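Enquirer: What follows is the file data-v7.cif, containing mmCIF, C-alpha atoms and all ligand atoms:
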```cif
data_model
#
loop_
_atom_site.label_atom_id
_atom_site.label_comp_id
_atom_site.auth_asym_id
_atom_site.auth_seq_id
_atom_site.Cartn_x
_atom_site.Cartn_y
_atom_site.Cartn_z
CA MET C 340 81.90 128.46 87.60
CA THR C 341 80.71 125.25 89.30
CA GLN C 342 83.39 122.98 90.68
CA ARG C 343 84.49 120.39 88.11
CA VAL C 344 84.25 116.71 89.03
CA ALA C 345 87.19 114.33 88.45
CA LEU C 346 86.87 110.55 88.73
CA VAL C 347 90.06 108.51 89.16
CA THR C 348 90.10 104.70 88.90
CA GLY C 349 92.62 102.77 90.97
CA ALA C 350 92.43 105.85 93.18
CA MET C 351 93.78 104.20 96.30
CA GLY C 352 96.93 102.78 94.69
CA GLY C 353 100.30 104.54 94.52
CA ILE C 354 99.82 106.71 91.42
CA GLY C 355 96.04 107.02 91.97
CA THR C 356 96.57 108.54 95.41
CA ALA C 357 99.00 111.09 94.01
CA ILE C 358 96.56 111.96 91.20
CA CYS C 359 93.74 112.44 93.75
CA GLN C 360 95.93 114.71 95.86
CA GLU C 361 97.15 116.81 92.93
CA LEU C 362 93.67 117.26 91.43
CA SER C 363 92.12 118.00 94.82
CA ARG C 364 94.80 120.69 95.35
CA ALA C 365 93.86 122.08 91.92
CA GLY C 366 90.28 122.52 93.16
CA TYR C 367 88.36 119.64 91.58
CA LYS C 368 85.68 117.64 93.39
CA MET C 369 87.15 114.14 93.58
CA VAL C 370 85.57 110.76 93.04
CA ALA C 371 87.93 107.99 94.16
CA ALA C 372 87.01 104.73 92.41
CA TYR C 373 88.53 101.70 94.11
CA HIS C 374 88.59 97.94 93.78
CA PRO C 375 85.79 96.30 95.82
CA GLN C 376 88.27 93.84 97.33
CA PHE C 377 90.34 96.70 98.79
CA ASP C 378 89.42 96.75 102.45
CA ASN C 379 91.45 99.77 103.61
CA LYS C 380 89.23 102.58 102.31
CA ASP C 381 88.88 104.13 105.76
CA GLN C 382 92.63 103.95 106.34
CA TRP C 383 93.19 105.62 102.95
CA LEU C 384 90.81 108.43 103.92
CA GLN C 385 92.67 108.83 107.23
CA GLU C 386 95.96 109.06 105.34
CA MET C 387 94.46 111.73 103.08
CA THR C 388 93.33 113.65 106.15
CA ALA C 389 96.80 113.29 107.70
CA ALA C 390 98.24 114.69 104.45
CA GLY C 391 96.10 117.83 104.86
CA PHE C 392 93.03 116.92 102.77
CA LYS C 393 89.42 116.79 103.97
CA ALA C 394 87.84 113.31 103.90
CA GLN C 395 84.52 114.84 102.78
CA ASP C 396 86.22 116.14 99.62
CA PHE C 397 86.48 112.55 98.37
CA VAL C 398 83.43 110.58 97.25
CA CYS C 399 84.42 106.89 97.18
CA VAL C 400 82.82 104.41 94.78
CA ALA C 401 83.73 100.71 94.64
CA GLY C 402 83.80 98.54 91.53
CA ASP C 403 85.84 96.30 89.28
CA VAL C 404 86.85 98.28 86.17
CA SER C 405 86.96 95.10 84.08
CA LEU C 406 83.19 94.72 84.52
CA LEU C 407 80.90 96.97 82.45
CA GLU C 408 78.05 96.83 84.96
CA ASP C 409 80.37 97.88 87.83
CA CYS C 410 81.52 100.88 85.78
CA GLN C 411 77.91 101.86 85.00
CA ARG C 412 77.08 101.71 88.70
CA MET C 413 80.22 103.59 89.84
CA VAL C 414 79.55 106.47 87.45
CA ALA C 415 75.86 106.56 88.42
CA GLU C 416 76.88 106.78 92.09
CA ALA C 417 79.37 109.54 91.29
CA GLU C 418 76.74 111.50 89.37
CA ALA C 419 74.21 111.10 92.18
CA ALA C 420 76.74 112.39 94.72
CA CYS C 421 78.42 115.22 92.80
CA GLY C 422 76.84 115.70 89.37
CA GLN C 423 78.31 114.93 85.95
CA VAL C 424 81.87 113.68 85.64
CA ASP C 425 83.97 116.27 83.78
CA ILE C 426 87.36 114.54 84.02
CA LEU C 427 87.97 110.79 83.84
CA ILE C 428 91.37 109.35 84.71
CA ASN C 429 91.66 105.71 83.67
CA ASN C 430 94.45 104.67 86.03
CA ALA C 431 93.56 101.23 87.46
CA GLY C 432 95.92 98.52 86.29
CA ILE C 433 97.67 95.26 87.13
CA THR C 434 100.66 93.21 86.07
CA ARG C 435 100.90 89.42 85.62
CA ASP C 436 104.50 89.26 84.39
CA ARG C 437 105.70 86.01 82.81
CA MET C 438 107.82 85.16 79.81
CA PHE C 439 105.45 84.45 76.89
CA ALA C 440 106.50 80.78 76.77
CA LYS C 441 105.10 80.35 80.29
CA MET C 442 102.17 82.76 80.09
CA GLU C 443 98.72 81.25 80.58
CA ARG C 444 95.52 82.56 79.03
CA GLU C 445 94.27 83.63 82.50
CA GLY C 446 97.18 86.07 82.94
CA TRP C 447 96.64 87.42 79.43
CA ASP C 448 92.89 87.90 79.91
CA ALA C 449 93.23 89.48 83.36
CA VAL C 450 95.67 92.13 82.14
CA ILE C 451 93.80 92.91 78.92
CA SER C 452 90.43 93.24 80.67
CA THR C 453 91.71 95.27 83.64
CA ASN C 454 94.16 97.51 81.76
CA LEU C 455 92.48 97.94 78.36
CA THR C 456 88.83 96.83 78.28
CA SER C 457 88.36 99.01 81.37
CA LEU C 458 88.86 102.06 79.14
CA PHE C 459 85.85 101.02 77.06
CA ASN C 460 83.84 100.31 80.23
CA MET C 461 84.60 103.64 81.92
CA SER C 462 84.84 106.02 78.94
CA LYS C 463 81.52 104.69 77.60
CA GLN C 464 79.78 106.06 80.72
CA VAL C 465 81.01 109.64 80.34
CA SER C 466 82.24 110.49 76.83
CA ALA C 467 78.89 111.23 75.12
CA LYS C 468 77.75 113.34 78.07
CA MET C 469 81.01 115.30 78.01
CA ALA C 470 80.56 115.88 74.28
CA GLY C 471 76.96 117.01 74.87
CA ARG C 472 78.16 119.59 77.40
CA GLY C 473 81.04 120.68 75.16
CA TRP C 474 83.81 120.10 77.70
CA GLY C 475 85.62 117.08 79.03
CA ARG C 476 88.94 115.42 79.74
CA ILE C 477 89.82 111.73 79.48
CA ILE C 478 93.33 110.88 80.65
CA ASN C 479 94.57 107.31 80.23
CA ILE C 480 97.55 105.91 82.11
CA SER C 481 99.64 103.87 79.66
CA SER C 482 103.30 102.91 80.29
CA VAL C 483 106.79 103.18 78.82
CA ASN C 484 106.47 99.41 78.38
CA GLY C 485 103.53 99.91 76.04
CA VAL C 486 105.70 102.25 73.97
CA LYS C 487 108.91 100.21 73.86
CA GLY C 488 107.78 96.62 74.70
CA GLN C 489 109.17 94.76 77.72
CA ALA C 490 110.29 91.13 77.94
CA GLY C 491 108.05 89.32 80.41
CA GLN C 492 105.12 91.63 79.67
CA THR C 493 103.52 90.67 76.34
CA ASN C 494 100.12 91.04 78.02
CA TYR C 495 100.89 94.35 79.73
CA SER C 496 102.78 95.86 76.77
CA ALA C 497 99.89 94.92 74.46
CA ALA C 498 97.32 96.50 76.79
CA LYS C 499 99.36 99.66 77.34
CA ALA C 500 100.06 100.04 73.59
CA GLY C 501 96.34 99.48 73.02
CA ILE C 502 95.62 102.37 75.38
CA ILE C 503 97.63 104.65 73.11
CA GLY C 504 95.67 103.54 70.02
CA PHE C 505 92.37 103.95 71.89
CA THR C 506 93.45 107.42 73.01
CA LYS C 507 94.30 108.58 69.49
CA ALA C 508 91.07 107.19 67.98
CA LEU C 509 88.74 108.62 70.65
CA ALA C 510 90.62 111.93 70.53
CA ALA C 511 89.85 112.15 66.82
CA GLU C 512 86.16 111.43 67.45
CA LEU C 513 85.79 114.02 70.21
CA ALA C 514 88.16 116.78 69.07
CA SER C 515 85.38 118.97 67.69
CA LYS C 516 83.26 118.55 70.84
CA GLY C 517 85.54 120.22 73.40
CA VAL C 518 86.64 116.89 74.85
CA THR C 519 90.33 116.03 74.91
CA VAL C 520 91.67 112.48 75.22
CA ASN C 521 95.32 111.99 76.14
CA ALA C 522 97.63 109.31 77.49
CA ILE C 523 100.47 109.45 79.96
CA ALA C 524 103.23 106.85 79.59
CA PRO C 525 105.13 106.74 82.87
CA GLY C 526 108.45 104.98 83.23
CA TYR C 527 109.09 103.02 86.43
CA VAL C 528 107.36 104.71 89.39
CA ALA C 529 107.95 103.95 93.08
CA THR C 530 104.70 102.10 93.91
CA LYS C 531 103.84 98.57 95.04
CA MET C 532 103.53 97.50 91.38
CA VAL C 533 107.25 98.13 90.83
CA MET C 534 108.26 96.91 94.28
CA ALA C 535 106.90 93.48 93.24
CA ILE C 536 109.81 93.13 90.77
CA LYS C 537 112.68 90.98 92.10
CA PRO C 538 115.22 93.37 93.70
CA GLU C 539 118.11 92.33 91.44
CA ILE C 540 115.99 92.86 88.29
CA LEU C 541 114.71 96.20 89.62
CA GLN C 542 118.28 97.37 90.26
CA THR C 543 119.17 96.60 86.63
CA ILE C 544 116.13 98.57 85.50
CA VAL C 545 116.99 101.61 87.65
CA ASP C 546 120.60 101.46 86.38
CA SER C 547 119.24 101.65 82.82
CA VAL C 548 117.27 104.86 83.50
CA PRO C 549 119.38 107.89 82.51
CA MET C 550 118.16 109.72 85.63
CA LYS C 551 119.11 106.68 87.78
CA ARG C 552 115.95 106.75 89.85
CA LEU C 553 112.29 105.78 89.91
CA ALA C 554 109.64 108.43 89.29
CA LYS C 555 107.78 109.81 92.29
CA PRO C 556 103.99 109.22 92.01
CA GLU C 557 103.48 112.99 92.40
CA GLU C 558 105.34 113.53 89.13
CA ILE C 559 102.57 111.60 87.37
CA GLY C 560 99.83 113.35 89.39
CA TYR C 561 101.20 116.71 88.28
CA ALA C 562 100.99 115.67 84.61
CA CYS C 563 97.31 114.75 85.11
CA ALA C 564 96.61 118.20 86.54
CA PHE C 565 98.39 119.73 83.53
CA LEU C 566 96.25 117.77 81.05
CA ALA C 567 93.03 118.45 83.00
CA ASN C 568 93.58 122.22 82.95
CA ASP C 569 91.59 124.49 80.63
CA MET C 570 94.89 125.68 79.17
CA SER C 571 95.53 122.14 77.83
CA GLY C 572 92.43 122.45 75.64
CA PHE C 573 94.46 122.24 72.40
CA THR C 574 96.31 119.08 73.49
CA THR C 575 94.56 115.92 72.32
CA GLY C 576 95.59 112.46 71.12
CA ALA C 577 98.98 112.99 72.74
CA THR C 578 101.08 110.58 74.75
CA LEU C 579 103.15 112.27 77.42
CA ASN C 580 106.33 110.28 78.14
CA ILE C 581 107.46 110.70 81.76
CA ASN C 582 110.29 108.22 82.10
CA GLY C 583 113.53 109.87 83.23
CA GLY C 584 114.94 109.53 79.71
CA LEU C 585 114.45 105.73 79.55
CA TYR C 586 112.86 105.74 76.10
CA TYR C 587 111.69 108.21 73.46
CA GLN C 588 109.50 107.47 70.47
N1 LIG E 601 115.19 90.43 77.73
C1 LIG E 601 115.29 89.24 77.08
N2 LIG E 601 115.31 88.06 77.71
C2 LIG E 601 115.23 88.07 79.02
C3 LIG E 601 115.11 89.26 79.76
C4 LIG E 601 115.10 90.48 79.05
N3 LIG E 601 114.97 91.66 79.68
N4 LIG E 601 115.04 88.96 81.06
C5 LIG E 601 115.13 87.62 81.15
N5 LIG E 601 115.25 87.09 79.91
C6 LIG E 601 115.38 85.68 79.57
C7 LIG E 601 116.34 84.98 80.53
O1 LIG E 601 117.67 85.13 80.06
C8 LIG E 601 115.88 83.55 80.48
O2 LIG E 601 116.34 82.95 79.30
P1 LIG E 601 116.80 81.40 79.30
O3 LIG E 601 115.58 80.61 79.73
O4 LIG E 601 117.21 81.15 77.89
O5 LIG E 601 117.91 81.30 80.30
C9 LIG E 601 114.35 83.68 80.32
O6 LIG E 601 114.13 85.00 79.79
C10 LIG E 601 113.63 83.54 81.64
O7 LIG E 601 114.06 84.62 82.49
P2 LIG E 601 113.83 84.60 84.04
O8 LIG E 601 114.67 83.54 84.67
O9 LIG E 601 114.00 85.99 84.56
O10 LIG E 601 112.32 84.13 84.18
P3 LIG E 601 111.45 84.20 85.43
O11 LIG E 601 110.30 83.32 85.12
O12 LIG E 601 112.19 83.97 86.70
O13 LIG E 601 110.99 85.76 85.50
C11 LIG E 601 109.90 87.72 84.84
C12 LIG E 601 110.29 86.31 84.42
C13 LIG E 601 108.94 87.64 86.04
C14 LIG E 601 109.16 88.32 83.65
C15 LIG E 601 111.14 88.54 85.25
O14 LIG E 601 112.08 88.46 84.22
C16 LIG E 601 110.84 89.98 85.50
O15 LIG E 601 110.27 90.36 86.51
N6 LIG E 601 111.22 90.88 84.56
C17 LIG E 601 110.94 92.31 84.66
C18 LIG E 601 109.68 92.64 83.89
C19 LIG E 601 109.32 94.09 84.12
O16 LIG E 601 110.08 95.00 83.81
N7 LIG E 601 108.13 94.32 84.67
C20 LIG E 601 107.71 95.64 85.00
C21 LIG E 601 106.74 95.56 86.15
S1 LIG E 601 106.28 97.20 86.76
C22 LIG E 601 105.39 97.85 85.52
O17 LIG E 601 104.98 97.19 84.59
C23 LIG E 601 105.10 99.31 85.59
C24 LIG E 601 105.42 99.96 84.33
O18 LIG E 601 104.51 100.21 83.54
C25 LIG E 601 106.76 100.40 84.06
P1 LIG E 602 99.15 100.16 92.28
O1 LIG E 602 99.64 100.91 93.45
O2 LIG E 602 99.12 98.67 92.31
O3 LIG E 602 97.69 100.73 91.92
C1 LIG E 602 96.85 100.11 91.01
C2 LIG E 602 95.44 100.33 91.48
O4 LIG E 602 94.52 99.75 90.54
C3 LIG E 602 95.18 99.66 92.82
O5 LIG E 602 94.54 100.55 93.67
C4 LIG E 602 94.30 98.49 92.46
O6 LIG E 602 93.43 98.11 93.49
C5 LIG E 602 93.54 99.04 91.28
N1 LIG E 602 92.95 97.98 90.51
C6 LIG E 602 93.55 96.87 90.03
N2 LIG E 602 92.67 96.11 89.39
C7 LIG E 602 91.47 96.73 89.47
C8 LIG E 602 90.18 96.43 89.00
N3 LIG E 602 89.91 95.32 88.29
N4 LIG E 602 89.19 97.30 89.26
C9 LIG E 602 89.41 98.43 89.97
N5 LIG E 602 90.62 98.77 90.44
C10 LIG E 602 91.64 97.93 90.18
O7 LIG E 602 99.98 100.52 90.98
P2 LIG E 602 100.39 101.93 90.39
O8 LIG E 602 101.83 101.87 90.13
O9 LIG E 602 99.82 103.03 91.17
O10 LIG E 602 99.66 101.84 88.96
C11 LIG E 602 98.65 102.74 88.53
C12 LIG E 602 98.61 102.72 87.02
O11 LIG E 602 99.84 103.22 86.52
C13 LIG E 602 98.44 101.32 86.40
O12 LIG E 602 97.60 101.39 85.28
C14 LIG E 602 99.84 100.97 85.98
O13 LIG E 602 99.85 100.04 84.93
C15 LIG E 602 100.34 102.33 85.55
N6 LIG E 602 101.79 102.47 85.52
C16 LIG E 602 102.53 102.21 86.63
C17 LIG E 602 103.89 102.35 86.56
C18 LIG E 602 104.78 102.09 87.72
O14 LIG E 602 106.00 101.99 87.50
N7 LIG E 602 104.29 101.96 88.95
C19 LIG E 602 104.49 102.76 85.37
C20 LIG E 602 103.69 103.00 84.26
C21 LIG E 602 102.33 102.87 84.35
P3 LIG E 602 93.82 96.88 94.46
O15 LIG E 602 95.28 97.02 94.78
O16 LIG E 602 92.92 97.04 95.62
O17 LIG E 602 93.54 95.67 93.64
#
```
Any chance you could give the structure as structure tokens?

Expert:
Amino acid sequence: MTQRVALVTGAMGGIGTAICQELSRAGYKMVAAYHPQFDNKDQWLQEMTAAGFKAQDFVCVAGDVSLLEDCQRMVAEAEAACGQVDILINNAGITRDRMFAKMEREGWDAVISTNLTSLFNMSKQVSAKMAGRGWGRIINISSVNGVKGQAGQTNYSAAKAGIIGFTKALAAELASKGVTVNAIAPGYVATKMVMAIKPEILQTIVDSVPMKRLAKPEEIGYACAFLANDMSGFTTGATLNINGGLYYQ
């Protein structure tokens, strides 16, 4: 069988890096999609090499996931370099936390376009082709805060809840075509996104997690490999909660 191709957005962030490593270990050809303003691509590739991976196993494509034309170009570049994308992981995301009373339209729009509209922009490039070939995986990174709602995150909670609705609807459309669409809703994971929370607030959050710790990024990467596997072919429209017991639906 030819090597399957997996494209990860936000690939050079905390969770994205762990997803790339886990899927590379599982034998997929990796396309690492990264933000054009990120200027440490070469350093990231060096870190991957230091971690035991081969730099040539990663095709890097730059683009802003909130822009449709960037997503069209990134997928075209991926296809030119490695062939059709079999697995799409919509992982890129941002926070602009503010209490709603103080939230400006800019912070709302930025989070909705980066965290939610990006799923339209990216999935649009690959879903029909996956359906045509009769096999595909779309994995969307939501959040516990999209499931439960979080004060200070009306924008982020709305986008992450929207991801779950998008996942269920697209799963229903593609179920008969061999393409599964699933979401992962991580709790608080040790990446720079969480480290931006004020230390005293973060401590309160960790204290509220039954497991009393943050998730390791690899624990999310592993779940992506699970959902990408052929043996997950009957799992679609699901949301996998990985949150140390913080919240269950
Ligand atoms: N629930 C309800 N009310 C709360 C609250 C809470 N959890 N936290 C604070 N408030 C109230 C405060 O009591 C205060 O009320 P008064 O004005 O009546 O006194 C008001 O909200 C303002 O609170 P702050 O002083 O904290 O406001 P701030 O402007 O300094 O900070 C904030 C606001 C930046 C949103 C800050 O509260 C914060 O960082 N909260 C954590 C949000 C969070 O969990 N973000 C997750 C980021 S990581 C991530 O998103 C990854 C993921 O998917 C899990
Ligand atoms: P991170 O380290 O900040 O990674 C986010 C990545 O997304 C970065 O590489 C960032 O690139 C990229 N990105 C942001 N905006 C982009 C855009 N417009 N176009 C392309 N790429 C963009 O954060 P993380 O914790 O790994 O988060 C990854 C995903 O997991 C996000 O969707 C996040 O919401 C979700 N999540 C995180 C947690 C957590 O606790 N950490 C929990 C639940 C869900 P630049 O940094 O170069 O801008």

Enquirer: So for range 382-385 of chain C, what box centre and size do we get, axis-aligned, 3 Å extra on each of the six sides, every listed atom, Å to one decimal, as AutoDock Vina command-line options?

Expert:
```
--center_x 92.0 --center_y 106.4 --center_z 105.1 --size_x 8.4 --size_y 10.9 --size_z 10.3
```

Enquirer: List the neighbours of Ala500 in chain C out to 8 Å using only C-alpha atoms; skip same-chain residues closer than 5 positions along the sequence, and give me the result as a ChimeraX atom specification.

Expert: /C:481-482,485-486

Enquirer: Determine, counting only C-alpha atoms, which protein, DNA and RNA residues have an atom within 9 Å of an atom of Ser466 in chain C; residues of the same chain fewer than 6 positions away are not included. Present the result as a PyMOL selection string.

Expert: chain C and resi 475-477+513+518

Enquirer: Counting only C-alpha atoms and all ligand atoms, name the residues that have an atom within 6 Å of an atom of ligand LIG 602 (chain E); the answer should be given as a ChimeraX atom specification.

Expert: /C:349-355,373-374,376-377,402-405,430-433,453,480-482,525-533

Enquirer: Would you compute the distance between CA of Thr341 in chain C and CA of Ala417 in chain C? Give it in Å to one decimal.

Expert: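 Going from CA of Thr341 in chain C over to CA of Ala417 in chain C, I get 15.9 Å.
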
Enquirer: Which one is closest to ligand LIG 601 (chain E): C:Val450, C:Leu458, C:Met413, C:Ala419? Count all atoms listed in the file.

Expert: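 Of all the options, C:Val450 lies closest to ligand LIG 601 (chain E).
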
Enquirer: Expressed in Å to a single decimal, how great is the separation between CA of Gly560 in chain C and CA of Glu361 in chain C?

Expert: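 CA of Gly560 in chain C sits 5.6 Å away from CA of Glu361 in chain C.
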
Enquirer: As an exercise, work out the distance from CA of Gly491 in chain C to CA of Thr506 in chain C in Å and give it to one decimal place.

Expert: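 Atom-to-atom, CA of Gly491 in chain C and CA of Thr506 in chain C are spaced 24.4 Å apart.
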
Enquirer: Need to verify the contact set: Ile503 in chain C, 9 Å, all atoms listed in the file, exclusion of same-chain residues closer than 5 positions in sequence. Can you return it as a PyMOL selection string?

Expert: chain C and resi 479+481+485-486+498+508+521-524+576-578

Enquirer: Please identify all polymer residues within 10 Å of Ser363 in chain C, counting all atoms listed in the file, omitting same-chain residues fewer than 2 positions from it, and present them as a list in words.

Expert: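 Neighbouring residues, sequence-local ones excluded: Val344, Ala345, Ala357, Ile358, Cys359, Gln360, Glu361, Ala365, Gly366, Tyr367, Lys368, Met369, Val370, Phe392, Lys393, Asp396, Phe397 and Ala564 of chain C.
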
Enquirer: Can you tell me, as a ChimeraX atom specification, what residues are no more than 9 Å from Leu566 in chain C when counting only C-alpha atoms, ignoring any on the same chain fewer than 4 positions away?

Expert: /C:476-478,519,521,561-562,570-572,574

Enquirer: Pick the closest to ligand LIG 601 (chain E) from C:Gln385, C:Ser462, C:Asn454, C:Thr575: which is it, counting all atoms listed in the file?

Expert: C:Asn454

Enquirer: Considering all atoms listed in the file, can you say which of C:Val347, C:Ile536, C:Cys410, C:Leu384 comes closest to ligand LIG 601 (chain E)?

Expert: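 The answer is C:Ile536, which sits nearest to ligand LIG 601 (chain E).
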
Enquirer: Counting all atoms listed in the file, figure out which residue out of C:Asn484, C:Thr356, C:Gln423, C:Asn460 gets nearest to Ala390 in chain C.

Expert: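 Of C:Asn484, C:Thr356, C:Gln423, C:Asn460, the one nearest Ala390 in chain C is C:Thr356, counting all atoms listed in the file.
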
Enquirer: Which residue gives the smallest distance to Leu346 in chain C among C:Gly473, C:Asn379, C:Ala554, C:Ala567, with only C-alpha atoms counted?

Expert: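 Closest to Leu346 in chain C, using only C-alpha atoms: C:Ala567.
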
Enquirer: Using all atoms listed in the file, can you tell me which of C:Leu553, C:Ala514, C:Ala449, C:Ile540 comes closest to ligand LIG 601 (chain E)?

Expert: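 Result for the nearest residue to ligand LIG 601 (chain E): C:Ile540.
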